[in-house]
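Chemist: Quick one: structure below, then a few questions.
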Amino acid sequence: MEGEERPPQEVRANTESIMTSGTSEAESRVLSGDPQNLSDTDAFNLLLEMKLKRRRERPNLPRTVTQLVAEDGSRVYVVGTAHFSDDSKRDVVKTIREVQPDVVVVELCQYRVSMLKMDERTLLREAKEVSLEKLQQAVRQNGLMSGLMQMLLLKVSAHITEQLGMAPGGEFREAFKEASKVPFCKFHLGDRPIPVTFKRAIAALSFWQKVKLAWGLCFLSDPISKDDVERCKQKDLLEQMMAEMIGEFPDLHRTIVSERDIYLTYMLRQAARRLELPGASDAEPRKCVPSVVVGVVGMGHVPGIEKNWSADLSIQEIMTVPPPSLSGRVSRLAMKAAFFGLLGYGLYWMGRRTVSLLLSLPAAQFCLQRASGPRPGQ
């Protein structure tokens, strides 16, 4: 999980010689029907040997996989995916089964981890529904402007979900399932927390850029086919789409894409640390071997991860939320004033209409006539 110490574990095929003596004896005990006498070290070695046998030295990987090598020799297989794609799910499953990783890192944060354990039908229903309750939760979590922007992006996701009849994040759920089948495989969340991303994105845009972006997202209604989504797995089309977005909202691209490229790269490198193996005895020094990591990220992040892989990275700056500028504070106050002004006018108008309707009722007219007429005895 995010923030925890990540000792990724990888054992390459050439480490089989390290474990051969211990695992052969342990395996013979199991085959002879005496597994109860296995020590913890023997049990670890046995499972590790089984994992090494399953791991392919030259894996047959999908074309969407990019291989990176860390300084210590650890290998990272980055699977570039389209978030609404059955092919991407199959690519993730195939990669994990081929390389038998020690760590799987996915492009999720703790605020979106719930999608890993929800079934497809529930996710499909949740993705299509953009309710007032979700809006209130987003505003409480991210603030007014960031919350509204998050809801607009959720609307885009709901539009794609409705068009394709497919819930988002299927490749992450498949990664979670497959990782649980691999011995000693850890599962890490590798994306920057979404509140930080939205707050930095909103802070980077001018008032008119926010209005323009919100307008475009509100009126998104173009039909999307499954072929459109699958074409997003082609780097040439994706780079063209990114270039168009950079030209219109360069600051938005920097905060939502480029900064998250840095964060994802940092988390993948943290996962790709050497694995410490237990010795045959307490007196024997422990040996360290390179690790194998599988990263599951959107295809749009793969070029940035490749670019940043060998760079000296620090995530401290991209984890801070800058204070709002003077124009930002003025625009936020103006929007709040406009919102409450419209709300007040709406309540006033509804009140007038309600009173007019009540006064037009015959019973009300009769009561008014009685009240305005001369009282008996006067």
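Chain labels follow the order of the structure tokens: the first chain is A, the next B, and so on; residue numbering restarts at 1 in every chain, and ligands are counted from 1 in their shown order.
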Excluding same-chain residues fewer than 4 positions from stretch 311-321 of chain A, what lies within 10 Å of it counting only C-alpha atoms, as a PyMOL selection string?
Modeler: chain A and resi 192-193+195-201+203+255+259-260+262-267+269+306-307
Chemist: A:Arg75: which residues within 6 Å, counting only C-alpha atoms, same-chain residues fewer than 6 positions away excluded, as a PDB file with C-alpha atoms, in the first residue's frame?
Modeler:
ATOM      1  CA  LEU A  68      12.714  -1.737 -17.735  1.00  0.00           C
ATOM      2  CA  VAL A  69      15.792  -2.735 -15.746  1.00  0.00           C
ATOM      3  CA  VAL A 292      10.591  -8.881 -10.678  1.00  0.00           C
TER       4      VAL A 292
END
Chemist: Just give me the gap between atom CA of A:Asp191 and atom CA of A:Glu107 in Å, one decimal is fine.
Modeler: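 Here the two named atoms are 4.9 Å from each other.
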Chemist: Counting only C-alpha atoms, figure out which residue out of A:Val296, A:Cys288, A:Leu277, A:Ile202 gets nearest to A:Phe172.
Modeler: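 Closest residue, counting only C-alpha atoms: A:Val296.
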Chemist: Give me, as number ranges by chain, all polymer residues having an atom no more than 6 Å from stretch 54-61 of chain A, counting only C-alpha atoms and skipping those fewer than 3 positions away in the same chain.
Modeler: A: 51, 95, 98-100
